[in-house]
$ cat coords02.csv   # CSV, N, CA and C atoms and all ligand atoms
chain,number,residue,atom,x,y,z
A,30,MET,N,7.8,195.5,-51.6
A,30,MET,CA,8.1,196.5,-50.5
A,30,MET,C,9.5,197.2,-50.8
A,31,ALA,N,9.5,198.5,-50.8
A,31,ALA,CA,10.7,199.2,-51.2
A,31,ALA,C,11.8,199.2,-50.1
A,32,THR,N,11.3,199.0,-48.9
A,32,THR,CA,12.3,199.1,-47.7
A,32,THR,C,12.7,197.7,-47.3
A,33,GLN,N,12.5,196.7,-48.2
A,33,GLN,CA,12.8,195.3,-47.8
A,33,GLN,C,14.2,195.1,-47.3
A,34,THR,N,15.2,195.6,-48.0
A,34,THR,CA,16.6,195.4,-47.5
A,34,THR,C,16.8,195.9,-46.1
A,35,GLY,N,16.4,197.2,-46.0
A,35,GLY,CA,16.6,197.8,-44.7
A,35,GLY,C,15.9,197.1,-43.6
A,36,LYS,N,14.7,196.7,-43.9
A,36,LYS,CA,13.8,196.0,-42.9
A,36,LYS,C,14.5,194.7,-42.5
A,37,THR,N,15.0,193.9,-43.5
A,37,THR,CA,15.6,192.7,-43.3
A,37,THR,C,16.9,192.8,-42.4
A,38,ARG,N,17.6,193.9,-42.7
A,38,ARG,CA,18.8,194.1,-41.9
A,38,ARG,C,18.5,194.4,-40.4
A,39,THR,N,17.4,195.2,-40.2
A,39,THR,CA,17.0,195.5,-38.9
A,39,THR,C,16.5,194.2,-38.2
A,40,LEU,N,15.8,193.4,-38.9
A,40,LEU,CA,15.3,192.1,-38.4
A,40,LEU,C,16.4,191.2,-37.9
A,41,THR,N,17.4,191.0,-38.8
A,41,THR,CA,18.5,190.1,-38.4
A,41,THR,C,19.3,190.7,-37.3
A,42,GLY,N,19.4,192.0,-37.3
A,42,GLY,CA,20.1,192.7,-36.2
A,42,GLY,C,19.4,192.4,-34.8
A,43,TYR,N,18.1,192.5,-34.9
A,43,TYR,CA,17.3,192.3,-33.7
A,43,TYR,C,17.4,190.9,-33.2
A,44,MET,N,17.4,190.0,-34.2
A,44,MET,CA,17.4,188.5,-33.9
A,44,MET,C,18.8,188.2,-33.3
A,45,THR,N,19.9,188.7,-33.9
A,45,THR,CA,21.2,188.5,-33.4
A,45,THR,C,21.3,188.9,-31.9
A,46,GLU,N,20.7,190.0,-31.6
A,46,GLU,CA,20.7,190.5,-30.3
A,46,GLU,C,19.9,189.6,-29.4
A,47,LEU,N,18.8,189.2,-29.9
A,47,LEU,CA,17.9,188.3,-29.2
A,47,LEU,C,18.6,187.0,-28.8
A,48,LEU,N,19.5,186.5,-29.7
A,48,LEU,CA,20.2,185.3,-29.5
A,48,LEU,C,21.3,185.4,-28.5
A,49,GLU,N,21.6,186.6,-28.1
A,49,GLU,CA,22.8,186.7,-27.1
A,49,GLU,C,22.5,186.1,-25.8
A,50,TYR,N,21.3,186.2,-25.3
A,50,TYR,CA,21.0,185.6,-24.0
A,50,TYR,C,21.0,184.1,-24.0
A,51,PRO,N,20.3,183.4,-24.9
A,51,PRO,CA,20.4,182.0,-24.9
A,51,PRO,C,21.9,181.5,-25.2
A,52,ARG,N,22.7,182.2,-25.9
A,52,ARG,CA,24.0,181.8,-26.2
A,52,ARG,C,24.8,181.9,-24.9
A,53,TYR,N,24.6,182.9,-24.1
A,53,TYR,CA,25.2,183.0,-22.8
A,53,TYR,C,24.8,181.9,-21.8
A,54,VAL,N,23.5,181.6,-21.8
A,54,VAL,CA,23.0,180.6,-20.9
A,54,VAL,C,23.5,179.2,-21.3
A,55,ILE,N,23.4,178.9,-22.6
A,55,ILE,CA,23.8,177.6,-23.1
A,55,ILE,C,25.4,177.4,-22.9
A,56,GLU,N,26.1,178.4,-23.2
A,56,GLU,CA,27.6,178.4,-23.0
A,56,GLU,C,27.9,178.1,-21.5
A,57,ARG,N,27.1,178.6,-20.7
A,57,ARG,CA,27.3,178.4,-19.2
A,57,ARG,C,27.0,177.0,-18.8
A,58,GLU,N,25.9,176.4,-19.5
A,58,GLU,CA,25.5,175.1,-19.1
A,58,GLU,C,26.2,173.9,-19.7
A,59,VAL,N,26.8,174.2,-20.9
A,59,VAL,CA,27.6,173.1,-21.5
A,59,VAL,C,29.0,173.0,-20.8
A,60,ASP,N,29.3,171.8,-20.5
A,60,ASP,CA,30.6,171.6,-19.8
A,60,ASP,C,31.6,171.0,-20.8
A,61,PHE,N,32.6,171.8,-21.2
A,61,PHE,CA,33.5,171.4,-22.2
A,61,PHE,C,34.8,170.7,-21.6
A,62,THR,N,34.8,170.6,-20.3
A,62,THR,CA,36.0,170.1,-19.6
A,62,THR,C,36.5,168.8,-20.2
A,63,HIS,N,35.6,167.9,-20.5
A,63,HIS,CA,36.1,166.6,-21.1
A,63,HIS,C,35.9,166.5,-22.6
A,64,CYS,N,35.7,167.6,-23.2
A,64,CYS,CA,35.5,167.6,-24.7
A,64,CYS,C,36.9,167.5,-25.4
A,65,HIS,N,37.1,166.5,-26.2
A,65,HIS,CA,38.3,166.4,-27.0
A,65,HIS,C,38.4,167.4,-28.2
A,66,TYR,N,37.3,168.0,-28.5
A,66,TYR,CA,37.2,168.8,-29.7
A,66,TYR,C,37.1,170.3,-29.4
A,67,GLY,N,37.4,170.7,-28.2
A,67,GLY,CA,37.4,172.1,-27.9
A,67,GLY,C,36.1,172.7,-28.1
A,68,GLY,N,35.0,172.0,-27.8
A,68,GLY,CA,33.7,172.5,-27.9
A,68,GLY,C,33.2,172.8,-29.3
A,69,HIS,N,33.9,172.2,-30.3
A,69,HIS,CA,33.4,172.3,-31.7
A,69,HIS,C,32.7,171.1,-32.1
A,70,TYR,N,31.4,171.2,-32.3
A,70,TYR,CA,30.6,170.1,-32.7
A,70,TYR,C,30.9,169.6,-34.1
A,71,ASN,N,31.0,168.3,-34.2
A,71,ASN,CA,31.2,167.7,-35.5
A,71,ASN,C,30.2,166.6,-35.7
A,72,ALA,N,29.3,166.7,-36.7
A,72,ALA,CA,28.2,165.8,-36.9
A,72,ALA,C,28.8,164.4,-37.3
A,73,PHE,N,30.0,164.3,-37.8
A,73,PHE,CA,30.6,163.1,-38.3
A,73,PHE,C,31.3,162.3,-37.2
A,74,ILE,N,31.4,162.9,-36.0
A,74,ILE,CA,32.1,162.2,-34.9
A,74,ILE,C,31.1,161.6,-34.0
A,75,GLU,N,31.2,160.3,-33.8
A,75,GLU,CA,30.2,159.6,-33.0
A,75,GLU,C,30.1,160.1,-31.6
A,76,GLU,N,31.3,160.5,-31.0
A,76,GLU,CA,31.3,161.0,-29.7
A,76,GLU,C,30.3,162.3,-29.6
A,77,CYS,N,30.3,163.1,-30.6
A,77,CYS,CA,29.5,164.3,-30.6
A,77,CYS,C,28.0,163.9,-30.7
A,78,THR,N,27.7,162.9,-31.5
A,78,THR,CA,26.3,162.5,-31.6
A,78,THR,C,25.8,161.9,-30.3
A,79,ASN,N,26.7,161.2,-29.6
A,79,ASN,CA,26.2,160.6,-28.4
A,79,ASN,C,26.4,161.4,-27.1
A,80,CYS,N,27.1,162.5,-27.3
A,80,CYS,CA,27.4,163.4,-26.1
A,80,CYS,C,26.1,164.0,-25.6
A,81,ARG,N,26.0,164.1,-24.2
A,81,ARG,CA,24.8,164.6,-23.7
A,81,ARG,C,24.7,166.1,-23.9
A,82,PHE,N,25.8,166.8,-24.3
A,82,PHE,CA,25.7,168.2,-24.6
A,82,PHE,C,25.6,168.4,-26.1
A,83,GLY,N,25.5,167.3,-26.8
A,83,GLY,CA,25.5,167.4,-28.3
A,83,GLY,C,24.6,168.4,-28.9
A,84,PRO,N,23.3,168.4,-28.6
A,84,PRO,CA,22.4,169.4,-29.3
A,84,PRO,C,22.8,170.8,-28.9
A,85,ALA,N,23.1,171.0,-27.6
A,85,ALA,CA,23.5,172.4,-27.2
A,85,ALA,C,24.8,172.8,-27.8
A,86,CYS,N,25.7,171.9,-27.9
A,86,CYS,CA,27.0,172.2,-28.5
A,86,CYS,C,26.8,172.5,-30.0
A,87,ARG,N,26.0,171.7,-30.6
A,87,ARG,CA,25.8,172.0,-32.1
A,87,ARG,C,25.2,173.4,-32.3
A,88,TRP,N,24.3,173.7,-31.4
A,88,TRP,CA,23.6,175.0,-31.5
A,88,TRP,C,24.6,176.1,-31.3
A,89,LEU,N,25.5,176.0,-30.3
A,89,LEU,CA,26.5,177.0,-30.0
A,89,LEU,C,27.5,177.1,-31.2
A,90,ASP,N,27.9,176.0,-31.8
A,90,ASP,CA,28.8,176.0,-32.9
A,90,ASP,C,28.3,176.8,-34.1
A,91,HIS,N,27.0,176.7,-34.2
A,91,HIS,CA,26.3,177.3,-35.4
A,91,HIS,C,26.1,178.8,-35.1
A,92,ASN,N,26.0,179.2,-33.8
A,92,ASN,CA,25.6,180.5,-33.5
A,92,ASN,C,26.6,181.4,-32.8
A,93,ARG,N,27.8,181.1,-33.0
A,93,ARG,CA,28.9,181.9,-32.4
A,93,ARG,C,28.9,183.2,-33.2
A,94,THR,N,29.4,184.3,-32.6
A,94,THR,CA,29.4,185.6,-33.2
A,94,THR,C,29.8,185.6,-34.7
A,95,PRO,N,31.0,185.1,-35.1
A,95,PRO,CA,31.4,185.3,-36.5
A,95,PRO,C,30.4,184.7,-37.5
A,96,SER,N,29.9,183.5,-37.2
A,96,SER,CA,29.0,182.9,-38.1
A,96,SER,C,27.6,183.5,-38.1
A,97,ILE,N,27.2,184.0,-37.0
A,97,ILE,CA,25.8,184.6,-36.9
A,97,ILE,C,25.7,185.9,-37.6
A,98,GLU,N,26.8,186.6,-37.7
A,98,GLU,CA,26.8,187.9,-38.4
A,98,GLU,C,26.5,187.8,-39.9
A,99,GLN,N,26.7,186.6,-40.4
A,99,GLN,CA,26.5,186.4,-41.9
A,99,GLN,C,25.1,185.6,-42.1
A,100,ALA,N,24.5,185.3,-41.0
A,100,ALA,CA,23.3,184.4,-41.1
A,100,ALA,C,22.1,185.1,-41.7
A,101,SER,N,21.3,184.3,-42.4
A,101,SER,CA,20.1,184.9,-43.0
A,101,SER,C,18.9,184.8,-42.0
A,102,VAL,N,17.8,185.5,-42.3
A,102,VAL,CA,16.7,185.5,-41.4
A,102,VAL,C,16.2,184.0,-41.1
A,103,GLU,N,16.3,183.2,-42.2
A,103,GLU,CA,15.9,181.8,-42.0
A,103,GLU,C,16.8,181.0,-41.0
A,104,GLU,N,18.1,181.3,-41.1
A,104,GLU,CA,19.0,180.6,-40.2
A,104,GLU,C,18.8,181.1,-38.8
A,105,LEU,N,18.7,182.4,-38.7
A,105,LEU,CA,18.5,183.0,-37.4
A,105,LEU,C,17.2,182.5,-36.7
A,106,SER,N,16.2,182.4,-37.6
A,106,SER,CA,14.9,182.0,-37.1
A,106,SER,C,14.9,180.5,-36.6
A,107,SER,N,15.7,179.7,-37.3
A,107,SER,CA,15.8,178.3,-36.8
A,107,SER,C,16.7,178.3,-35.5
A,108,ALA,N,17.7,179.2,-35.5
A,108,ALA,CA,18.5,179.3,-34.2
A,108,ALA,C,17.6,179.7,-33.1
A,109,LEU,N,16.7,180.6,-33.3
A,109,LEU,CA,15.8,181.0,-32.3
A,109,LEU,C,14.9,179.9,-31.8
A,110,GLU,N,14.4,179.1,-32.8
A,110,GLU,CA,13.6,178.0,-32.5
A,110,GLU,C,14.3,177.0,-31.5
A,111,GLY,N,15.6,176.8,-31.9
A,111,GLY,CA,16.4,175.9,-31.1
A,111,GLY,C,16.6,176.4,-29.7
A,112,ALA,N,16.9,177.7,-29.6
A,112,ALA,CA,17.1,178.3,-28.3
A,112,ALA,C,15.9,178.3,-27.4
A,113,VAL,N,14.7,178.5,-28.0
A,113,VAL,CA,13.5,178.4,-27.3
A,113,VAL,C,13.3,177.0,-26.8
A,114,ARG,N,13.5,176.0,-27.6
A,114,ARG,CA,13.4,174.6,-27.2
A,114,ARG,C,14.3,174.3,-26.0
A,115,PHE,N,15.5,174.7,-26.1
A,115,PHE,CA,16.5,174.5,-25.0
A,115,PHE,C,16.1,175.1,-23.7
A,116,LEU,N,15.8,176.4,-23.8
A,116,LEU,CA,15.5,177.1,-22.5
A,116,LEU,C,14.2,176.6,-21.9
A,117,ARG,N,13.2,176.2,-22.8
A,117,ARG,CA,12.0,175.6,-22.3
A,117,ARG,C,12.2,174.3,-21.6
A,118,ALA,N,13.1,173.5,-22.2
A,118,ALA,CA,13.3,172.2,-21.7
A,118,ALA,C,14.1,172.2,-20.4
A,119,SER,N,15.0,173.2,-20.2
A,119,SER,CA,15.8,173.3,-19.0
A,119,SER,C,15.2,174.1,-17.9
A,120,ASN,N,14.1,174.8,-18.2
A,120,ASN,CA,13.5,175.7,-17.2
A,120,ASN,C,12.0,175.5,-17.1
A,121,PRO,N,11.6,174.4,-16.4
A,121,PRO,CA,10.1,174.2,-16.3
A,121,PRO,C,9.6,175.2,-15.2
A,122,HIS,N,9.3,176.4,-15.6
A,122,HIS,CA,8.9,177.4,-14.6
A,122,HIS,C,7.4,177.7,-14.6
A,123,GLU,N,6.9,178.4,-13.7
A,123,GLU,CA,5.5,178.8,-13.6
A,123,GLU,C,5.2,179.7,-14.7
A,124,ALA,N,3.9,179.8,-15.0
A,124,ALA,CA,3.4,180.6,-16.1
A,124,ALA,C,3.7,182.1,-15.8
A,125,TYR,N,3.8,182.5,-14.6
A,125,TYR,CA,4.0,184.0,-14.3
A,125,TYR,C,5.4,184.3,-13.8
A,126,CYS,N,6.3,183.3,-14.0
A,126,CYS,CA,7.6,183.5,-13.5
A,126,CYS,C,8.3,184.7,-14.2
A,127,VAL,N,9.1,185.5,-13.4
A,127,VAL,CA,9.7,186.7,-14.0
A,127,VAL,C,11.2,186.6,-14.1
A,128,CYS,N,11.7,185.4,-14.0
A,128,CYS,CA,13.2,185.3,-14.1
A,128,CYS,C,13.6,185.7,-15.5
A,129,LYS,N,14.9,185.8,-15.7
A,129,LYS,CA,15.5,186.3,-17.0
A,129,LYS,C,15.1,185.4,-18.1
A,130,THR,N,15.2,184.1,-17.9
A,130,THR,CA,14.9,183.1,-18.9
A,130,THR,C,13.4,183.2,-19.4
A,131,CYS,N,12.5,183.3,-18.4
A,131,CYS,CA,11.1,183.4,-18.7
A,131,CYS,C,10.8,184.7,-19.5
A,132,GLN,N,11.4,185.7,-19.0
A,132,GLN,CA,11.3,187.0,-19.7
A,132,GLN,C,11.7,186.9,-21.2
A,133,TRP,N,12.9,186.2,-21.3
A,133,TRP,CA,13.4,186.1,-22.7
A,133,TRP,C,12.5,185.2,-23.5
A,134,LEU,N,12.0,184.1,-22.9
A,134,LEU,CA,11.0,183.3,-23.7
A,134,LEU,C,9.8,184.0,-24.2
A,135,ARG,N,9.3,184.9,-23.3
A,135,ARG,CA,8.1,185.7,-23.7
A,135,ARG,C,8.5,186.7,-24.8
A,136,ARG,N,9.7,187.3,-24.7
A,136,ARG,CA,10.1,188.2,-25.7
A,136,ARG,C,10.3,187.5,-27.1
A,137,ALA,N,10.9,186.3,-27.0
A,137,ALA,CA,11.1,185.5,-28.2
A,137,ALA,C,9.7,185.1,-28.8
A,138,ARG,N,8.8,184.7,-28.0
A,138,ARG,CA,7.5,184.3,-28.5
A,138,ARG,C,6.8,185.4,-29.2
A,139,HIS,N,6.9,186.6,-28.5
A,139,HIS,CA,6.2,187.8,-29.0
A,139,HIS,C,6.9,188.2,-30.4
A,140,PHE,N,8.2,188.1,-30.5
A,140,PHE,CA,8.9,188.4,-31.7
A,140,PHE,C,8.5,187.5,-32.8
A,141,ARG,N,8.5,186.2,-32.5
A,141,ARG,CA,8.1,185.2,-33.6
A,141,ARG,C,6.7,185.4,-34.0
A,142,ARG,N,5.8,185.8,-33.1
A,142,ARG,CA,4.4,186.0,-33.5
A,142,ARG,C,4.3,187.2,-34.4
A,143,SER,N,5.0,188.3,-34.1
A,143,SER,CA,4.8,189.5,-34.9
A,143,SER,C,5.7,189.6,-36.1
A,144,HIS,N,6.8,188.9,-36.1
A,144,HIS,CA,7.7,189.1,-37.3
A,144,HIS,C,7.9,187.8,-38.1
A,145,LEU,N,7.7,186.7,-37.6
A,145,LEU,CA,8.0,185.5,-38.4
A,145,LEU,C,6.7,184.7,-38.6
A,146,LYS,N,6.7,184.0,-39.7
A,146,LYS,CA,5.5,183.2,-40.0
A,146,LYS,C,5.7,181.9,-39.4
A,147,THR,N,5.3,181.7,-38.1
A,147,THR,CA,5.4,180.4,-37.5
A,147,THR,C,4.0,179.7,-37.6
A,148,THR,N,4.1,178.4,-37.8
A,148,THR,CA,2.9,177.6,-38.0
A,148,THR,C,2.6,176.9,-36.7
B,201,ZN,ZN,11.4,181.5,-14.9

$ encode --input "coords02.csv" --output "structure tokens"
Amino acid sequence: MATQTGKTRTLTGYMTELLEYPRYVIEREVDFTHCHYGGHYNAFIEECTNCRFGPACRWLDHNRTPSIEQASVEELSSALEGAVRFLRASNPHEAYCVCKTCQWLRRARHFRRSHLKTT
């Protein structure tokens, strides 16, 4: 495909934009008040592994703006997977719910279906 580079750039751009909403939600939900590490997840610290915000914190640490701008489609797609998992777990809503989170989840699902090869 001749337009591969351009297409990939658009795709990552769209994904980065798509990840803004979960980042905002997760950042709001994670409480860093008692965090000794300033909200920076470290896989080698036991406190991080056992922290109840661990998975969300790890997600955030990987997907903050500076690191996400360099991310590949694969990285963004796994970030998207993680975000979908979080929002689904924290929001057991009705099938026809129209809240922002549910709208986002539908958008993400549609995107994955049409642009990513999900099994
Ligand atoms: Zn909802």

$ residues_near_ligand --input "coords02.csv" --ligand "ligand ZN 201 (chain B)" --cutoff "8 Å" --atoms "all atoms listed in the file" --output "list of chain:residue names"
A:Asn120, A:Pro121, A:His122, A:Glu123, A:Ala124, A:Tyr125, A:Cys126, A:Val127, A:Cys128, A:Lys129, A:Thr130, A:Cys131, A:Gln132

$ closest_residue --input "coords02.csv" --among "A:Leu116, A:Leu109, A:Ala137, A:Cys80" --to "Val54 of chain A" --atoms "only C-alpha atoms"
A:Leu116

$ closest_residue --input "coords02.csv" --among "A:Leu89, A:Ile97, A:Ile74, A:Met44" --to "Glu56 of chain A" --atoms "only N, CA and C atoms"
A:Leu89

$ select_by_dssp --input "coords02.csv" --residues "chain A" --states "helix (DSSP H, G or I)" --output "PyMOL selection string"
chain A and resi 33-47+49-58+75-79+83-91+94-97+102-119+129-144

$ atom_distance --input "coords02.csv" --atom1 "atom CA of Thr62 of chain A" --atom2 "atom CA of Ala100 of chain A"
28.8 Å

$ decode --input "coords02.csv" --residues "segment 64-136 of chain A" --atoms "C-alpha atoms" --output "mmCIF file, in the first residue's frame"
data_model
loop_
_atom_site.group_PDB
_atom_site.id
_atom_site.type_symbol
_atom_site.label_atom_id
_atom_site.label_comp_id
_atom_site.auth_asym_id
_atom_site.auth_seq_id
_atom_site.Cartn_x
_atom_site.Cartn_y
_atom_site.Cartn_z
ATOM 1 C CA CYS A 64 1.318 7.511 46.911
ATOM 2 C CA HIS A 65 5.001 7.787 47.828
ATOM 3 C CA TYR A 66 6.039 7.678 44.204
ATOM 4 C CA GLY A 67 4.171 10.666 42.856
ATOM 5 C CA GLY A 68 1.862 8.506 40.798
ATOM 6 C CA HIS A 69 4.653 6.866 38.850
ATOM 7 C CA TYR A 70 4.162 3.174 38.634
ATOM 8 C CA ASN A 71 7.211 1.008 39.167
ATOM 9 C CA ALA A 72 6.880 -2.695 38.463
ATOM 10 C CA PHE A 73 9.820 -3.434 40.781
ATOM 11 C CA ILE A 74 8.279 -1.880 43.843
ATOM 12 C CA GLU A 75 6.135 -4.213 45.870
ATOM 13 C CA GLU A 76 3.851 -1.408 47.018
ATOM 14 C CA CYS A 77 2.978 -0.723 43.399
ATOM 15 C CA THR A 78 2.216 -4.353 42.674
ATOM 16 C CA ASN A 79 -0.047 -4.565 45.703
ATOM 17 C CA CYS A 80 -1.624 -1.130 45.370
ATOM 18 C CA ARG A 81 -5.310 -1.190 44.536
ATOM 19 C CA PHE A 82 -4.689 1.493 41.933
ATOM 20 C CA GLY A 83 -1.770 -0.479 40.517
ATOM 21 C CA PRO A 84 -3.228 -1.480 37.157
ATOM 22 C CA ALA A 85 -4.788 1.943 36.547
ATOM 23 C CA CYS A 86 -1.610 3.687 37.644
ATOM 24 C CA ARG A 87 0.511 1.529 35.386
ATOM 25 C CA TRP A 88 -1.814 2.311 32.516
ATOM 26 C CA LEU A 89 -1.544 6.039 33.191
ATOM 27 C CA ASP A 90 2.212 5.953 33.473
ATOM 28 C CA HIS A 91 2.434 4.331 30.063
ATOM 29 C CA ASN A 92 -0.056 6.595 28.419
ATOM 30 C CA ARG A 93 0.787 10.104 29.482
ATOM 31 C CA THR A 94 1.108 12.589 26.659
ATOM 32 C CA PRO A 95 4.905 12.586 26.092
ATOM 33 C CA SER A 96 5.181 8.805 25.873
ATOM 34 C CA ILE A 97 2.016 8.344 23.874
ATOM 35 C CA GLU A 98 3.161 10.656 21.104
ATOM 36 C CA GLN A 99 5.961 8.230 20.274
ATOM 37 C CA ALA A 100 3.810 5.136 20.583
ATOM 38 C CA SER A 101 3.317 2.631 17.798
ATOM 39 C CA VAL A 102 -0.038 1.335 16.610
ATOM 40 C CA GLU A 103 0.604 -1.862 18.611
ATOM 41 C CA GLU A 104 1.284 0.058 21.805
ATOM 42 C CA LEU A 105 -1.712 2.287 21.302
ATOM 43 C CA SER A 106 -3.893 -0.658 20.555
ATOM 44 C CA SER A 107 -2.894 -2.408 23.783
ATOM 45 C CA ALA A 108 -3.456 0.879 25.629
ATOM 46 C CA LEU A 109 -6.900 0.942 24.098
ATOM 47 C CA GLU A 110 -7.554 -2.622 25.215
ATOM 48 C CA GLY A 111 -6.544 -1.711 28.734
ATOM 49 C CA ALA A 112 -8.745 1.370 28.748
ATOM 50 C CA VAL A 113 -11.736 -0.598 27.509
ATOM 51 C CA ARG A 114 -11.170 -3.181 30.254
ATOM 52 C CA PHE A 115 -11.012 -0.474 32.942
ATOM 53 C CA LEU A 116 -14.029 1.437 31.850
ATOM 54 C CA ARG A 117 -16.051 -1.733 31.435
ATOM 55 C CA ALA A 118 -15.087 -2.965 34.887
ATOM 56 C CA SER A 119 -15.856 0.326 36.593
ATOM 57 C CA ASN A 120 -19.086 1.020 34.725
ATOM 58 C CA PRO A 121 -21.588 -1.815 34.718
ATOM 59 C CA HIS A 122 -24.184 0.088 32.686
ATOM 60 C CA GLU A 123 -27.270 -0.863 30.742
ATOM 61 C CA ALA A 124 -26.885 -1.853 27.117
ATOM 62 C CA TYR A 125 -28.545 1.343 25.871
ATOM 63 C CA CYS A 126 -26.925 3.739 28.316
ATOM 64 C CA VAL A 127 -25.920 7.027 26.697
ATOM 65 C CA CYS A 128 -23.446 8.326 29.284
ATOM 66 C CA LYS A 129 -20.035 9.527 28.124
ATOM 67 C CA THR A 130 -18.300 6.327 29.160
ATOM 68 C CA CYS A 131 -20.727 4.083 27.315
ATOM 69 C CA GLN A 132 -20.534 6.297 24.256
ATOM 70 C CA TRP A 133 -16.773 6.068 24.396
ATOM 71 C CA LEU A 134 -16.877 2.280 24.794
ATOM 72 C CA ARG A 135 -19.063 2.002 21.695
ATOM 73 C CA ARG A 136 -16.736 4.299 19.764
#
